[in-house]
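Only one structure is covered here, and it is reproduced in the block below.
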Amino acid sequence: MKAFVLSSYGPPDNLQLTDLPTPAPGRGEVLVRVRATSVQPYDWHFMRGEPYLARVMPGGLGLRRPSLPVLGADIAGVVEAVGPDVTGFAPGDEVYTMSKQGGFAEYACVPADDLAPKPRNLTFEEAAAVPLAAGTALLALRDDGQVQKGDNVLINGASGGVGTFAVQLAKAFGAHVTGVCGPRNIDLVRSLGADEVIDYTKEDFTLGGRRYEVFLDIAGNRPASAGLRLLTRKGAYVLVGGRSGRWVQPAGRMFSIMARGPFVSQRVLRTDVVNRTDNGRNLMTLTELIEAGKLTPVIDRSYPFEEIPLAVRYQEEGHAAGKVIVTH
């Protein structure tokens, strides 16, 4: 099979198109013929090997070389074969999943428990936009933020991959949503259902008098103290990602904010979707919302498989509104 392999840290040009043996599904695994994948910060953190701190952390990037040679966490495709003890899936089924790697190849083996049937009303391209970004937004709002009907929810970074799903999910949960984004994406965020949209180039959203039950901080561009001041006494400060740096960021900022948790009345939480064991069930929840018309992927650009390095380079610039997709 064809795959883009990352053998050393560096720029997108380090992703080399290579011939690899097609994997065989093991016990409890499914072999998926990849029809589409997406590109996201998760991928280029592994590509760049940054922040450096993550190279020495358990389960991190890999000290001297990437621990994941074939990137691509989001996968939408067709079941090619199933391994022993797999039930519920058969060759020919259209599926989607979030795996730690594999989307930058023609085939990928994934645990059957992480799979879900592809939403019937989405193309493979659209389905590939969903798993990691929408899964993160779901966990951040439903599980960590515990959003309730009538809550005021502030989403900083509302026009990105996670943010565009978060706006829609918060509205589906019955919240009053305020989105923060740049001027060119105001109409987009409003079209997704945001009740109010703040242009961060014209207004410092941390200086307003409104208090929120949930502050979902995706952009990570304001001090922790300012974020906590935005919350009600029992509100939730939920962290997802943040500005990247070469040495410790965004990990350093997350650790700093999390350390405040025991000393404030608000809940301070960090959402991590990658290491969950219930991603298959969460995808089923997202499928229900998508098929009910309550959740729609936003795609900024789409690239052919052969142009994966270009897709990664564009996503790394940080200006994408919604998701960057690669089709096979």
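Identifiers in this document derive from the order of the structure tokens: chains are assigned A, B, ..., residues are numbered from 1 separately in each chain, and ligands are numbered from 1 in order of occurrence.
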Could you give me, as an MDAnalysis selection string, each residue of segment 140-328 of chain A that DSSP assigns to helix (DSSP H, G or I) when run on this structure's backbone? chainID A and resid 140:144 161:172 183:191 205:207 224:229 251:258 261:263 279:291 305:316
Would you mind listing what lies within 12 Å of Ala166 of chain A as a count of residues only, with only C-alpha atoms counted and same-chain residues fewer than 6 positions away left out? 46
Close residues, Ala236 of chain A itself excluded, 8 Å, only C-alpha atoms, min 4 positions apart in chain, as an MDAnalysis selection string: chainID A and resid 144:145 213:215 231 266:269
Write a file of the just-selected residues containing all heavy atoms, as a PDB file, in the first residue's frame.
ATOM      1  N   ASP A 144     -16.866  17.246  30.599  1.00  0.00           N
ATOM      2  CA  ASP A 144     -16.059  18.116  31.448  1.00  0.00           C
ATOM      3  C   ASP A 144     -16.827  19.381  31.842  1.00  0.00           C
ATOM      4  O   ASP A 144     -16.906  19.721  33.021  1.00  0.00           O
ATOM      5  CB  ASP A 144     -14.748  18.479  30.743  1.00  0.00           C
ATOM      6  CG  ASP A 144     -13.850  17.261  30.543  1.00  0.00           C
ATOM      7  OD1 ASP A 144     -13.995  16.297  31.320  1.00  0.00           O
ATOM      8  OD2 ASP A 144     -13.014  17.279  29.625  1.00  0.00           O
ATOM      9  N   GLY A 145     -17.378  20.065  30.870  1.00  0.00           N
ATOM     10  CA  GLY A 145     -18.128  21.277  31.180  1.00  0.00           C
ATOM     11  C   GLY A 145     -19.495  21.030  31.778  1.00  0.00           C
ATOM     12  O   GLY A 145     -20.050  21.881  32.453  1.00  0.00           O
ATOM     13  N   GLU A 213     -21.180  29.942  32.676  1.00  0.00           N
ATOM     14  CA  GLU A 213     -21.105  28.656  33.380  1.00  0.00           C
ATOM     15  C   GLU A 213     -19.967  27.799  32.845  1.00  0.00           C
ATOM     16  O   GLU A 213     -19.373  27.002  33.581  1.00  0.00           O
ATOM     17  CB  GLU A 213     -22.430  27.893  33.259  1.00  0.00           C
ATOM     18  CG  GLU A 213     -23.506  28.315  34.233  1.00  0.00           C
ATOM     19  CD  GLU A 213     -24.122  29.664  33.878  1.00  0.00           C
ATOM     20  OE1 GLU A 213     -24.164  30.012  32.673  1.00  0.00           O
ATOM     21  OE2 GLU A 213     -24.571  30.382  34.804  1.00  0.00           O
ATOM     22  N   VAL A 214     -19.661  27.960  31.563  1.00  0.00           N
ATOM     23  CA  VAL A 214     -18.587  27.181  30.935  1.00  0.00           C
ATOM     24  C   VAL A 214     -17.775  28.089  30.025  1.00  0.00           C
ATOM     25  O   VAL A 214     -18.329  28.806  29.190  1.00  0.00           O
ATOM     26  CB  VAL A 214     -19.142  25.989  30.123  1.00  0.00           C
ATOM     27  CG1 VAL A 214     -18.009  25.234  29.437  1.00  0.00           C
ATOM     28  CG2 VAL A 214     -19.944  25.045  31.000  1.00  0.00           C
ATOM     29  N   PHE A 215     -16.461  28.054  30.202  1.00  0.00           N
ATOM     30  CA  PHE A 215     -15.531  28.725  29.303  1.00  0.00           C
ATOM     31  C   PHE A 215     -14.691  27.648  28.637  1.00  0.00           C
ATOM     32  O   PHE A 215     -13.852  27.004  29.264  1.00  0.00           O
ATOM     33  CB  PHE A 215     -14.642  29.698  30.077  1.00  0.00           C
ATOM     34  CG  PHE A 215     -13.541  30.331  29.247  1.00  0.00           C
ATOM     35  CD1 PHE A 215     -13.705  30.588  27.890  1.00  0.00           C
ATOM     36  CD2 PHE A 215     -12.333  30.688  29.835  1.00  0.00           C
ATOM     37  CE1 PHE A 215     -12.699  31.172  27.136  1.00  0.00           C
ATOM     38  CE2 PHE A 215     -11.314  31.272  29.091  1.00  0.00           C
ATOM     39  CZ  PHE A 215     -11.500  31.516  27.741  1.00  0.00           C
ATOM     40  N   LEU A 231     -15.919  33.357  34.803  1.00  0.00           N
ATOM     41  CA  LEU A 231     -16.807  32.276  35.215  1.00  0.00           C
ATOM     42  C   LEU A 231     -17.645  32.619  36.434  1.00  0.00           C
ATOM     43  O   LEU A 231     -17.245  33.415  37.292  1.00  0.00           O
ATOM     44  CB  LEU A 231     -15.976  31.023  35.528  1.00  0.00           C
ATOM     45  CG  LEU A 231     -15.279  30.367  34.338  1.00  0.00           C
ATOM     46  CD1 LEU A 231     -14.302  29.311  34.832  1.00  0.00           C
ATOM     47  CD2 LEU A 231     -16.296  29.755  33.390  1.00  0.00           C
ATOM     48  N   GLN A 266     -14.047  27.398  40.997  1.00  0.00           N
ATOM     49  CA  GLN A 266     -14.422  26.862  39.695  1.00  0.00           C
ATOM     50  C   GLN A 266     -13.715  25.535  39.416  1.00  0.00           C
ATOM     51  O   GLN A 266     -12.671  25.238  39.996  1.00  0.00           O
ATOM     52  CB  GLN A 266     -14.059  27.855  38.580  1.00  0.00           C
ATOM     53  CG  GLN A 266     -14.856  29.142  38.623  1.00  0.00           C
ATOM     54  CD  GLN A 266     -14.155  30.216  39.438  1.00  0.00           C
ATOM     55  OE1 GLN A 266     -13.199  29.935  40.144  1.00  0.00           O
ATOM     56  NE2 GLN A 266     -14.633  31.448  39.344  1.00  0.00           N
ATOM     57  N   ARG A 267     -14.308  24.752  38.529  1.00  0.00           N
ATOM     58  CA  ARG A 267     -13.678  23.522  38.086  1.00  0.00           C
ATOM     59  C   ARG A 267     -12.730  23.841  36.928  1.00  0.00           C
ATOM     60  O   ARG A 267     -13.107  24.555  36.012  1.00  0.00           O
ATOM     61  CB  ARG A 267     -14.719  22.503  37.640  1.00  0.00           C
ATOM     62  CG  ARG A 267     -15.588  21.976  38.786  1.00  0.00           C
ATOM     63  CD  ARG A 267     -16.637  20.993  38.308  1.00  0.00           C
ATOM     64  NE  ARG A 267     -17.610  21.632  37.440  1.00  0.00           N
ATOM     65  CZ  ARG A 267     -17.880  21.262  36.208  1.00  0.00           C
ATOM     66  NH1 ARG A 267     -17.239  20.232  35.666  1.00  0.00           N
ATOM     67  NH2 ARG A 267     -18.784  21.888  35.488  1.00  0.00           N
ATOM     68  N   VAL A 268     -11.514  23.321  36.997  1.00  0.00           N
ATOM     69  CA  VAL A 268     -10.529  23.511  35.934  1.00  0.00           C
ATOM     70  C   VAL A 268     -10.206  22.142  35.358  1.00  0.00           C
ATOM     71  O   VAL A 268      -9.727  21.255  36.062  1.00  0.00           O
ATOM     72  CB  VAL A 268      -9.255  24.186  36.475  1.00  0.00           C
ATOM     73  CG1 VAL A 268      -8.255  24.406  35.339  1.00  0.00           C
ATOM     74  CG2 VAL A 268      -9.592  25.511  37.148  1.00  0.00           C
ATOM     75  N   LEU A 269     -10.470  21.964  34.054  1.00  0.00           N
ATOM     76  CA  LEU A 269     -10.351  20.644  33.451  1.00  0.00           C
ATOM     77  C   LEU A 269      -9.646  20.720  32.106  1.00  0.00           C
ATOM     78  O   LEU A 269      -9.691  21.742  31.415  1.00  0.00           O
ATOM     79  CB  LEU A 269     -11.737  20.014  33.250  1.00  0.00           C
ATOM     80  CG  LEU A 269     -12.657  20.006  34.472  1.00  0.00           C
ATOM     81  CD1 LEU A 269     -13.737  21.070  34.295  1.00  0.00           C
ATOM     82  CD2 LEU A 269     -13.288  18.659  34.672  1.00  0.00           C
TER      83      LEU A 269
END
Just want the 7 Å neighbourhood of Gln16 of chain A, counted on only C-alpha atoms, with same-chain residues fewer than 2 positions away dropped. Output as a compact mmCIF listing (two decimals) with C-alpha atoms, in the first residue's frame.
# COMPACT_ATOMS: atom_id res chain seq x y z
CA PHE A 4 3.26 8.88 3.82
CA VAL A 5 5.90 7.87 6.35
CA LEU A 6 7.56 10.17 8.88
CA ASN A 14 9.76 14.98 5.76
CA THR A 18 6.47 5.03 0.50
I'd like the neighbourhood of Asp85 of chain A as a list of chain:residue names, where a residue qualifies if any of its atoms comes within 9 Å (using only C-alpha atoms), though same-chain residues fewer than 5 positions away should be ignored. A:Arg27, A:Gly28, A:Glu29
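The protein and nucleic acid residues lying at most 8 Å from Pro304 of chain A are A:Ser302, A:Glu306, A:Glu307, A:Ile308, A:Val326, A:Thr327, A:His328, with only C-alpha atoms considered and sequence neighbours fewer than 2 positions away removed.
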Could you write those residues out with N, CA and C atoms, as an mmCIF file, in the first residue's frame?
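Final output, saved to part22.cif:
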data_model
loop_
_atom_site.group_PDB
_atom_site.id
_atom_site.type_symbol
_atom_site.label_atom_id
_atom_site.label_comp_id
_atom_site.auth_asym_id
_atom_site.auth_seq_id
_atom_site.Cartn_x
_atom_site.Cartn_y
_atom_site.Cartn_z
ATOM 1 N N SER A 302 -9.875 20.912 0.834
ATOM 2 C CA SER A 302 -9.691 19.486 0.604
ATOM 3 C C SER A 302 -8.529 19.286 -0.361
ATOM 4 N N GLU A 306 -2.050 12.584 -2.654
ATOM 5 C CA GLU A 306 -0.666 12.840 -3.053
ATOM 6 C C GLU A 306 -0.146 14.171 -2.528
ATOM 7 N N GLU A 307 -1.052 15.049 -2.066
ATOM 8 C CA GLU A 307 -0.642 16.381 -1.610
ATOM 9 C C GLU A 307 -0.742 16.520 -0.089
ATOM 10 N N ILE A 308 -0.616 15.417 0.630
ATOM 11 C CA ILE A 308 -0.675 15.479 2.091
ATOM 12 C C ILE A 308 0.332 16.482 2.678
ATOM 13 N N VAL A 326 -8.224 15.380 3.510
ATOM 14 C CA VAL A 326 -7.467 14.700 2.445
ATOM 15 C C VAL A 326 -8.317 13.540 1.951
ATOM 16 N N THR A 327 -8.497 13.454 0.641
ATOM 17 C CA THR A 327 -9.276 12.388 0.039
ATOM 18 C C THR A 327 -8.358 11.407 -0.674
ATOM 19 N N HIS A 328 -8.731 10.126 -0.643
ATOM 20 C CA HIS A 328 -7.943 9.064 -1.283
ATOM 21 C C HIS A 328 -8.576 8.674 -2.618
#
For a test of reading the model, state the distance in Å between atom CA of Gly241 of chain A and atom CA of Pro119 of chain A, rounded to one decimal. 26.8 Å
As a PyMOL selection string, please: the residues near segment 31-39 of chain A (cut-off 8 Å, only C-alpha atoms, same-chain neighbours under 5 positions excluded). chain A and resi 23-25+72-83+103-110+124-125+128-129+311-312+315+323-328
Atom CA of Tyr303 of chain A to atom CA of Leu283 of chain A, distance in Å rounded to a single decimal: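 Atom CA of Leu283 of chain A lies at a distance of 24.3 Å from atom CA of Tyr303 of chain A.
Checking A:Leu207, A:Leu132, A:Leu239, A:Leu20 one by one against Ala226 of chain A, counting only C-alpha atoms, you find the shortest gap at A:Leu207.
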Using atom CA of Ala90 of chain A and atom CA of Asn275 of chain A as the two end points, give the distance in Å to one decimal.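 Calculated distance between atom CA of Ala90 of chain A and atom CA of Asn275 of chain A is 25.8 Å.
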